[in-house]
Structures are given as C-alpha cells and as structure tokens.
$ cat model.cif   # mmCIF, C-alpha atoms
data_work
#
loop_
_atom_site.label_atom_id
_atom_site.label_comp_id
_atom_site.auth_asym_id
_atom_site.auth_seq_id
_atom_site.Cartn_x
_atom_site.Cartn_y
_atom_site.Cartn_z
CA MET J 22 57.01 -87.34 -128.50
CA PRO J 23 53.44 -88.47 -127.71
CA GLN J 24 50.77 -86.97 -129.92
CA GLU J 25 47.01 -87.03 -129.99
CA VAL J 26 45.50 -90.03 -131.74
CA THR J 27 43.54 -88.97 -134.83
CA THR J 28 43.46 -92.38 -136.52
CA HIS J 29 40.06 -93.75 -137.57
CA ILE J 30 39.35 -97.25 -138.89
CA ASP J 31 36.16 -98.12 -140.73
CA PRO J 32 35.22 -101.60 -139.48
CA GLU J 33 33.05 -102.19 -142.53
CA LEU J 34 36.05 -101.80 -144.84
CA CYS J 35 38.71 -103.45 -142.67
CA ASN J 36 39.57 -107.00 -143.78
CA GLY J 37 41.69 -107.80 -140.72
CA CYS J 38 44.96 -108.26 -142.66
CA GLY J 39 46.99 -106.66 -139.86
CA LEU J 40 49.31 -104.72 -142.15
CA CYS J 41 48.58 -101.48 -140.29
CA LEU J 42 49.77 -103.05 -137.02
CA ARG J 43 53.02 -104.12 -138.62
CA VAL J 44 54.01 -100.64 -139.85
CA CYS J 45 52.71 -98.60 -136.90
CA PRO J 46 55.69 -97.22 -134.91
CA SER J 47 53.55 -96.30 -131.89
CA GLN J 48 51.51 -99.48 -131.37
CA THR J 49 48.39 -97.40 -131.76
CA ILE J 50 46.40 -100.19 -133.45
CA SER J 51 45.52 -103.72 -132.37
CA LEU J 52 43.51 -106.58 -133.86
CA VAL J 53 40.30 -107.10 -131.94
CA ASN J 54 37.94 -109.86 -133.01
CA GLY J 55 39.64 -110.04 -136.38
CA LYS J 56 39.43 -106.31 -137.10
CA ALA J 57 41.95 -103.50 -136.69
CA ARG J 58 40.99 -101.14 -133.93
CA VAL J 59 42.56 -98.01 -132.43
CA THR J 60 43.60 -99.03 -128.90
CA GLY J 61 46.66 -96.88 -128.15
CA ASP J 62 46.68 -93.48 -126.49
CA SER J 63 49.44 -91.91 -128.58
CA SER J 64 50.33 -91.69 -132.25
CA LEU J 65 53.03 -90.21 -134.46
CA ASN J 66 50.32 -89.34 -137.00
CA CYS J 67 52.73 -90.52 -139.68
CA GLY J 68 50.06 -92.03 -141.92
CA HIS J 69 51.84 -95.37 -142.37
CA CYS J 70 48.62 -97.19 -141.49
CA ALA J 71 46.57 -95.31 -144.07
CA ALA J 72 49.27 -95.73 -146.73
CA VAL J 73 49.52 -99.51 -146.27
CA CYS J 74 45.83 -100.38 -145.98
CA PRO J 75 44.70 -102.28 -149.10
CA GLU J 76 41.04 -101.46 -148.48
CA GLY J 77 41.31 -97.75 -147.71
CA ALA J 78 39.80 -98.38 -144.29
CA VAL J 79 42.20 -96.14 -142.35
CA THR J 80 42.28 -92.36 -142.19
CA VAL J 81 44.44 -90.06 -140.06
CA GLY J 82 42.52 -86.91 -139.24
CA SER J 83 45.50 -84.69 -138.51
CA LEU J 84 46.87 -85.12 -142.05
CA ASP J 85 45.67 -82.53 -144.54
CA PRO J 86 45.14 -84.05 -148.00
CA GLU J 87 45.44 -80.57 -149.53
CA GLN J 88 49.15 -80.67 -148.77
CA SER J 89 49.51 -83.40 -151.40
CA ARG J 90 47.66 -81.44 -154.09
CA PHE J 91 49.67 -79.06 -156.20
CA ASP J 92 48.88 -76.08 -158.40
CA THR J 93 51.63 -76.38 -161.00
CA PHE J 94 51.61 -80.14 -161.62
CA SER J 95 49.54 -83.25 -160.96
CA LEU J 96 50.78 -85.86 -158.48
CA GLU J 97 49.79 -89.49 -158.85
CA GLN J 98 48.65 -90.62 -155.41
CA ILE J 99 49.86 -94.21 -155.80
CA TRP J 100 52.93 -95.06 -153.72
CA LEU J 101 56.16 -95.59 -155.66
CA PRO J 102 57.67 -98.96 -154.63
CA PHE J 103 61.24 -99.31 -153.42
CA GLY J 104 63.64 -99.34 -156.34
CA ASP J 105 60.96 -98.37 -158.85
CA TYR J 106 62.57 -95.16 -160.10
CA ASP J 107 65.23 -93.95 -162.50
CA LEU J 108 68.21 -93.76 -160.15
CA ALA J 109 70.52 -92.26 -162.76
CA GLY J 110 67.96 -89.56 -163.52
CA LEU J 111 67.60 -88.72 -159.84
CA VAL J 112 71.36 -88.46 -159.34
CA ARG J 113 71.64 -86.32 -162.46
CA LEU J 114 69.08 -83.92 -161.01
CA MET J 115 70.99 -83.77 -157.72
CA ALA J 116 74.34 -83.23 -159.42
CA SER J 117 72.94 -80.62 -161.80
CA ARG J 118 71.64 -78.37 -159.03
CA ARG J 119 74.18 -75.61 -158.44
CA SER J 120 74.02 -72.49 -156.30
CA CYS J 121 72.67 -69.75 -158.55
CA ARG J 122 74.02 -66.21 -158.20
CA ASN J 123 72.61 -64.67 -161.37
CA TYR J 124 68.86 -64.23 -161.76
CA LYS J 125 66.52 -62.73 -164.32
CA ASP J 126 64.32 -59.80 -163.37
CA ARG J 127 61.17 -61.92 -163.40
CA PRO J 128 58.85 -62.79 -160.50
CA VAL J 129 58.20 -66.35 -159.38
CA PRO J 130 54.47 -67.17 -159.47
CA ARG J 131 52.85 -67.59 -156.07
CA GLU J 132 51.62 -71.05 -157.10
CA MET J 133 55.18 -72.27 -157.60
CA LEU J 134 56.25 -70.95 -154.21
CA SER J 135 53.27 -72.61 -152.57
CA ASP J 136 54.06 -75.92 -154.25
CA LEU J 137 57.68 -75.69 -153.10
CA VAL J 138 56.53 -75.38 -149.50
CA LYS J 139 54.29 -78.43 -149.89
CA ILE J 140 57.21 -80.35 -151.37
CA GLY J 141 59.26 -79.41 -148.32
CA LEU J 142 56.61 -81.10 -146.18
CA SER J 143 57.48 -84.44 -147.80
CA ALA J 144 60.78 -84.52 -145.88
CA PRO J 145 61.21 -86.71 -142.79
CA SER J 146 61.21 -85.07 -139.39
CA GLY J 147 62.38 -86.26 -135.96
CA THR J 148 59.56 -88.23 -134.22
CA ASN J 149 57.44 -87.08 -137.17
CA SER J 150 56.90 -83.79 -135.37
CA GLN J 151 56.43 -81.87 -138.65
CA LEU J 152 56.95 -78.64 -136.72
CA TRP J 153 58.29 -76.70 -139.68
CA SER J 154 57.67 -73.06 -140.45
CA PHE J 155 57.97 -71.43 -143.85
CA THR J 156 58.16 -67.68 -144.38
CA VAL J 157 57.82 -66.79 -148.05
CA LEU J 158 59.20 -63.51 -149.40
CA SER J 159 57.26 -63.50 -152.65
CA SER J 160 58.63 -60.37 -154.32
CA ARG J 161 61.94 -58.73 -155.07
CA GLU J 162 60.86 -55.79 -152.91
CA ARG J 163 60.38 -58.03 -149.86
CA VAL J 164 63.71 -59.73 -150.52
CA MET J 165 65.47 -56.37 -150.77
CA ALA J 166 63.85 -55.18 -147.54
CA MET J 167 65.22 -58.21 -145.73
CA ALA J 168 68.60 -57.82 -147.42
CA SER J 169 68.79 -54.24 -146.14
CA GLU J 170 68.10 -55.34 -142.56
CA VAL J 171 70.58 -58.22 -142.76
CA GLY J 172 73.15 -55.94 -144.36
CA ARG J 173 72.79 -53.40 -141.56
CA VAL J 174 73.60 -56.05 -138.94
CA ILE J 175 76.52 -57.39 -140.98
CA ARG J 176 77.88 -53.86 -141.40
CA ASP J 177 77.85 -53.29 -137.63
CA PHE J 178 79.55 -56.62 -136.97
CA ASN J 179 82.15 -55.97 -139.65
CA ARG J 180 83.04 -52.67 -138.00
CA LEU J 181 83.22 -54.37 -134.62
CA SER J 182 85.70 -56.90 -136.00
CA GLU J 183 88.06 -54.05 -136.94
CA LYS J 184 88.86 -53.44 -133.27
CA ALA J 185 92.16 -55.27 -132.86
CA TRP J 186 92.16 -54.89 -129.08
CA LEU J 187 88.75 -56.53 -128.82
CA ARG J 188 89.72 -59.41 -131.07
CA GLY J 189 92.85 -60.00 -129.04
CA LEU J 190 91.03 -59.82 -125.72
CA LEU J 191 88.36 -62.27 -126.82
CA ARG J 192 90.96 -64.69 -128.12
CA LEU J 193 92.79 -64.54 -124.78
CA VAL J 194 89.63 -65.61 -122.96
CA GLY J 195 89.02 -68.50 -125.36
CA LYS J 196 86.61 -66.81 -127.77
CA PRO J 197 88.44 -66.56 -131.10
CA GLU J 198 85.33 -66.24 -133.29
CA LEU J 199 85.64 -62.49 -133.89
CA ASP J 200 89.32 -62.76 -134.81
CA ASP J 201 88.60 -65.72 -137.08
CA TYR J 202 85.84 -63.75 -138.79
CA TYR J 203 88.15 -60.77 -139.31
CA ARG J 204 90.83 -62.89 -140.95
CA GLU J 205 88.50 -64.95 -143.14
CA TYR J 206 85.61 -62.65 -144.04
CA HIS J 207 86.20 -59.00 -143.19
CA GLN J 208 87.83 -58.05 -146.47
CA SER J 209 85.28 -59.78 -148.72
CA VAL J 210 82.35 -58.47 -146.68
CA SER J 211 83.74 -54.94 -146.81
CA ARG J 212 84.02 -55.20 -150.58
CA ALA J 213 80.44 -56.50 -150.86
CA LEU J 214 79.11 -53.67 -148.68
CA ASP J 215 80.96 -51.13 -150.79
CA GLU J 216 79.44 -52.58 -153.98
CA TRP J 217 76.00 -52.42 -152.35
CA ASP J 218 76.46 -48.78 -151.33
CA ASN J 219 78.01 -47.48 -154.54
CA GLN J 220 76.73 -49.76 -157.30
CA GLY J 221 73.59 -51.36 -155.90
CA VAL J 222 75.08 -54.82 -156.36
CA ASP J 223 73.32 -57.44 -154.24
CA ARG J 224 75.93 -59.93 -153.03
CA LEU J 225 73.58 -61.41 -150.43
CA PHE J 226 70.55 -62.59 -152.42
CA HIS J 227 72.21 -62.04 -155.83
CA GLY J 228 69.14 -60.44 -157.37
CA ALA J 229 66.76 -63.29 -156.51
CA SER J 230 63.10 -62.38 -156.90
CA ALA J 231 61.91 -64.51 -153.97
CA ALA J 232 63.15 -66.25 -150.85
CA ILE J 233 61.86 -68.87 -148.44
CA LEU J 234 62.91 -68.96 -144.79
CA VAL J 235 62.69 -72.47 -143.36
CA GLY J 236 62.39 -72.71 -139.61
CA SER J 237 61.15 -74.80 -136.71
CA LEU J 238 58.50 -74.26 -134.08
CA PRO J 239 59.09 -75.09 -130.39
CA GLY J 240 58.77 -78.76 -129.53
CA ALA J 241 60.59 -80.36 -132.45
CA SER J 242 63.04 -83.04 -131.38
CA CYS J 243 65.51 -82.33 -134.21
CA PRO J 244 64.63 -78.77 -135.30
CA ALA J 245 67.69 -77.84 -137.36
CA GLU J 246 67.88 -81.24 -139.03
CA ASP J 247 64.18 -81.15 -139.90
CA ALA J 248 64.47 -77.71 -141.50
CA LEU J 249 67.54 -78.64 -143.52
CA LEU J 250 65.98 -81.85 -144.77
CA ALA J 251 62.93 -79.91 -145.94
CA SER J 252 65.23 -77.36 -147.57
CA GLY J 253 67.03 -80.10 -149.47
CA GLN J 254 63.76 -81.37 -150.90
CA MET J 255 62.85 -77.84 -151.97
CA LEU J 256 66.21 -77.18 -153.63
CA LEU J 257 65.85 -80.25 -155.84
CA ALA J 258 62.22 -79.49 -156.65
CA ALA J 259 63.11 -75.92 -157.60
CA GLN J 260 65.70 -77.26 -160.02
CA ALA J 261 63.07 -79.50 -161.59
CA MET J 262 60.72 -76.51 -161.86
CA GLY J 263 63.32 -74.49 -163.74
CA LEU J 264 64.24 -72.26 -160.81
CA GLY J 265 67.69 -71.43 -159.48
CA THR J 266 68.43 -71.48 -155.76
CA CYS J 267 71.13 -70.45 -153.32
CA LEU J 268 71.34 -70.96 -149.57
CA VAL J 269 72.10 -67.66 -147.82
CA GLY J 270 74.12 -68.54 -144.73
CA TYR J 271 74.81 -64.93 -143.72
CA ALA J 272 71.07 -64.30 -143.37
CA VAL J 273 70.66 -67.37 -141.16
CA GLU J 274 73.43 -66.21 -138.82
CA VAL J 275 71.97 -62.72 -138.59
CA LEU J 276 68.50 -64.06 -137.80
CA LYS J 277 69.98 -66.25 -135.06
CA ARG J 278 71.73 -63.28 -133.47
CA GLN J 279 68.88 -60.82 -134.09
CA PRO J 280 65.61 -62.72 -133.47
CA ALA J 281 63.74 -59.41 -133.60
CA LEU J 282 64.23 -59.46 -137.38
CA ALA J 283 62.48 -62.81 -137.58
CA ARG J 284 59.66 -61.50 -135.42
CA GLN J 285 59.18 -58.64 -137.86
CA LEU J 286 58.43 -61.30 -140.46
CA GLY J 287 55.84 -62.92 -138.20
CA ALA J 288 57.96 -65.53 -136.41
CA ARG J 289 56.38 -66.86 -133.23
CA PRO J 290 58.11 -66.88 -129.82
CA GLY J 291 60.64 -69.70 -129.78
CA GLU J 292 60.58 -70.13 -133.54
CA LYS J 293 64.02 -70.37 -135.12
CA ILE J 294 65.15 -69.97 -138.72
CA HIS J 295 67.62 -72.61 -139.91
CA ALA J 296 67.79 -72.00 -143.68
CA VAL J 297 67.21 -69.10 -146.05
CA ILE J 298 66.73 -70.06 -149.69
CA ALA J 299 67.10 -67.39 -152.38
CA LEU J 300 65.33 -68.39 -155.57
CA GLY J 301 64.28 -67.09 -158.94
CA TRP J 302 64.58 -67.66 -162.67
CA PRO J 303 68.25 -68.39 -163.36
CA ASN J 304 70.32 -66.31 -165.75
CA GLU J 305 72.94 -69.06 -165.97
CA LYS J 306 73.46 -72.09 -168.19
CA TYR J 307 75.94 -74.86 -167.57
CA ARG J 308 77.27 -77.53 -169.90
CA ARG J 309 78.25 -80.45 -167.70
CA ILE J 310 78.30 -81.96 -164.22
CA THR J 311 81.61 -81.38 -162.45
CA GLY J 312 81.48 -83.66 -159.42
CA ARG J 313 82.72 -82.98 -155.88
CA ARG J 314 85.91 -83.10 -153.86
CA ALA J 315 86.69 -86.48 -152.32
CA PRO J 316 85.21 -86.78 -148.80
CA VAL J 317 86.60 -88.30 -145.65
CA LEU J 318 85.24 -91.86 -145.94
CA ARG J 319 85.49 -94.60 -143.33
CA TRP J 320 84.33 -98.20 -143.43
CA ALA J 321 83.71 -99.61 -139.97
#
$ encode --input "model.cif" --output "structure tokens"
Amino acid sequence: MPQEVTTHIDPELCNGCGLCLRVCPSQTISLVNGKARVTGDSSLNCGHCAAVCPEGAVTVGSLDPEQSRFDTFSLEQIWLPFGDYDLAGLVRLMASRRSCRNYKDRPVPREMLSDLVKIGLSAPSGTNSQLWSFTVLSSRERVMAMASEVGRVIRDFNRLSEKAWLRGLLRLVGKPELDDYYREYHQSVSRALDEWDNQGVDRLFHGASAAILVGSLPGASCPAEDALLASGQMLLAAQAMGLGTCLVGYAVEVLKRQPALARQLGARPGEKIHAVIALGWPNEKYRRITGRRAPVLRWA
C-alpha cells in the first residue's frame, strides 16, 4: 500500500553507513555520494530507518513522538535487543491474564485509558497501515448506555430465534445460523436478559467501569487482524497496570449487524469494530496459573 514519503535525512549527521537502506522495506533510501538520501516515491512510514540510524540523522515526519510518551509510567526510548528480556516473566504475565467478570465500583483514570490506547499502537499492522480506531467509553454510565443498546438488539434476535418455522426454513435453504444460535445460546441469553430486567445484573460487561472499542478505518489491508493484535497488546498491558479485562464478543456481533450503533459513538463511514474490551479494577484474586487445553499441532 503506497504511502506518502515523510522521511528526512540530515546530510550533516549522516555517516553513510547504509544501515537505513538495509532495513527499509520500501527501498525509499539510496546512498548517493556516500550519504543516505531519500530517492523513492513511496514509504511504509514504519520508522525502521530512524530506529537503526546510529547518528540520529533520520526522522519520519508522519510518526508522532507523543504516542511513545505515557502519563502513568516512563518509557526508556532505547531499543530492547532481541533476546534481551525475561522470557519467563513475559510468559507468566500472559498466562496470568484471565477474563475478568467481577469488577469493583471504581473508575479507571483517563490517563490509564489513554496509555492503553498508545500501547495498542505498538502492535504490528498489515503493510504498516496503522489504520486503527479506538473508541473509549470512560465511565460506567457510558458502558451501561452501550450495554442497553446491545441488549435491545440481542433481545430482538433472541425472540426471532424462537420461531421454529423460521429456523427450519433457513436451515432448508442452507442457512443454519439461527437454528444453531437457538440450540447453543437462546437459553443462556434468555436467563441473562431476565437477570438484567429483574435484578440489574450485567452479564454483558460484568460491571466494568470502562470499555475500549478497537476498530479499523477503510484502507487497511488486514483490518480485523490489525485490531485484534492491538487488542492483545492492550489486554497484557492492562494486566500489568492492575486492571482486569474481558473481550465482549456479543457486542462485536451486534455492532457488525447494527452499524448505526457504532455511528452513534462517532464511527466514520466504512469504519468497523472488531473487538470490544471491558475493563476495570478487578474484584477477583487467583492463586495459580492453570494452563490451556492441548491444541491441534502439526509439524510440516
């Protein structure tokens, strides 16, 4: 995906080592008379050239340095070499993150939410498009408003699935989704809706005091993958911050089927939501890591 070249090289600082040429995926830079020079007409704007330059001669104008500055912690700007990290500690963090469904009645500071979004930006994206969108519901009231809208759509769909003749007809024409939903989810969804109506129990966001919707803008080459990779970074960072998280799949499905709901939250035309992360201060405490089921594994 060609992008505008925003790379600048200071010839006074450049020592002609050629490292920037070696790491550039777009052949944007060439050596001319012993100095690196921008000669290409397209760039991924990935920043590899700036990151590798030993003299600090390269800048990429499209990259915002503010996105690497955080409010709740300080980040050392020196690159961490391959293998230079506590692998066991990283895996422990990953394995310790669990979906949280019990939260304290305590707001998440805006600064933490902002830092989580910036951390999401550290994820890779297809062709380095970086066409993410983040919609932050920063209060329990905003989360509940969205839960009400999502619940209304789920309620209508749940009632629709009760029509046996419709389920049978759709299955006959090769569309078994409604029948599958009825068999697998109707009963549990009905119970959750009843608890919402009669007890005020939130089975969708589980009492979370904030939520972040991760989406993609038009033009991304791998929109869903980009959004989910960013979400994964944010889930781990939230764990390190002391926050609990839970992915809300029902909300994602509703937003896909009812794009008007996303537009009410400010979504642009063509923007799609791929992940909804509920988050807040956890009211849970675990004792140990439990592992996972064995996967299907092939060696080829």
$ residues_around --input "model.cif" --residues "J:Glu292" --least-positions-apart "4" --cutoff "7 Å" --atoms "only C-alpha atoms" --output "ChimeraX atom specification"
/J:236-239,288
$ residues_around --input "model.cif" --residues "J:Ser63" --least-positions-apart "4" --cutoff "8 Å" --atoms "only C-alpha atoms" --output "JSON, numbers by chain"
{"J": [23, 24, 25, 26, 47, 49]}
$ closest_atom_pairs --input "model.cif" --of "stretch 124-226 of chain J" --to "stretch 77-99 of chain J" --cutoff "6 Å" --atoms "all atoms listed in the file" --output "CSV"
residue,atom,partner,partner_atom,distance
J:Glu132,CA,J:Asp92,CA,5.9
J:Asp136,CA,J:Phe91,CA,5.7
J:Lys139,CA,J:Gln88,CA,5.7
$ write_last_selection --input "model.cif" --atoms "C-alpha atoms" --output "CSV table (one decimal), in the frame of the given file"
chain,number,residue,atom,x,y,z
J,132,GLU,CA,51.6,-71.0,-157.1
J,136,ASP,CA,54.1,-75.9,-154.2
J,139,LYS,CA,54.3,-78.4,-149.9
$ atom_distance --input "model.cif" --atom1 "atom CA of J:Leu137" --atom2 "atom CA of J:Leu152"
16.7 Å
$ closest_atom_pairs --input "model.cif" --of "stretch 207-229 of chain J" --to "stretch 163-166 of chain J" --cutoff "9 Å" --atoms "only C-alpha atoms" --output "JSON lines"
{"residue": "J:Asp223", "atom": "CA", "partner": "J:Met165", "partner_atom": "CA", "distance": 8.6}
{"residue": "J:Phe226", "atom": "CA", "partner": "J:Val164", "partner_atom": "CA", "distance": 7.7}
{"residue": "J:Gly228", "atom": "CA", "partner": "J:Met165", "partner_atom": "CA", "distance": 8.6}
{"residue": "J:Ala229", "atom": "CA", "partner": "J:Val164", "partner_atom": "CA", "distance": 7.6}
$ resolve_selection --input "model.cif" --expression "the PyMOL selection byres ((chain J and resi 140) around 8)" --output "list in words"
Asp136, Leu137, Val138, Lys139, Gly141, Leu142, Ser143, Ala144, Ala251, Gln254, Met255 and Ala258 of chain J
$ closest_residue --input "model.cif" --among "J:Trp302, J:Trp217, J:Tyr271, J:Trp320" --to "J:Met133" --atoms "all atoms listed in the file"
J:Trp302
$ resolve_selection --input "model.cif" --expression "the PyMOL selection byres ((chain J and resi 310) around 7)" --output "PyMOL selection string"
chain J and resi 116-117+309+311-312
$ residues_around --input "model.cif" --residues "J:Leu257" --least-positions-apart "6" --cutoff "9 Å" --atoms "all atoms listed in the file" --output "ChimeraX atom specification"
/J:114-115,118
$ residues_around --input "model.cif" --residues "J:Pro75" --least-positions-apart "4" --cutoff "9 Å" --atoms "all atoms listed in the file" --output "list in words"
Cys35, Asn36, Cys38, Leu40 and Ala71 of chain J
$ write_last_selection --input "model.cif" --atoms "C-alpha atoms" --output "PDB file, in the frame of the given file"
ATOM      1  CA  CYS J  35      38.710-103.450-142.670  1.00  0.00           C
ATOM      2  CA  ASN J  36      39.570-107.000-143.780  1.00  0.00           C
ATOM      3  CA  CYS J  38      44.960-108.260-142.660  1.00  0.00           C
ATOM      4  CA  LEU J  40      49.310-104.720-142.150  1.00  0.00           C
ATOM      5  CA  ALA J  71      46.570 -95.310-144.070  1.00  0.00           C
TER       6      ALA J  71
END
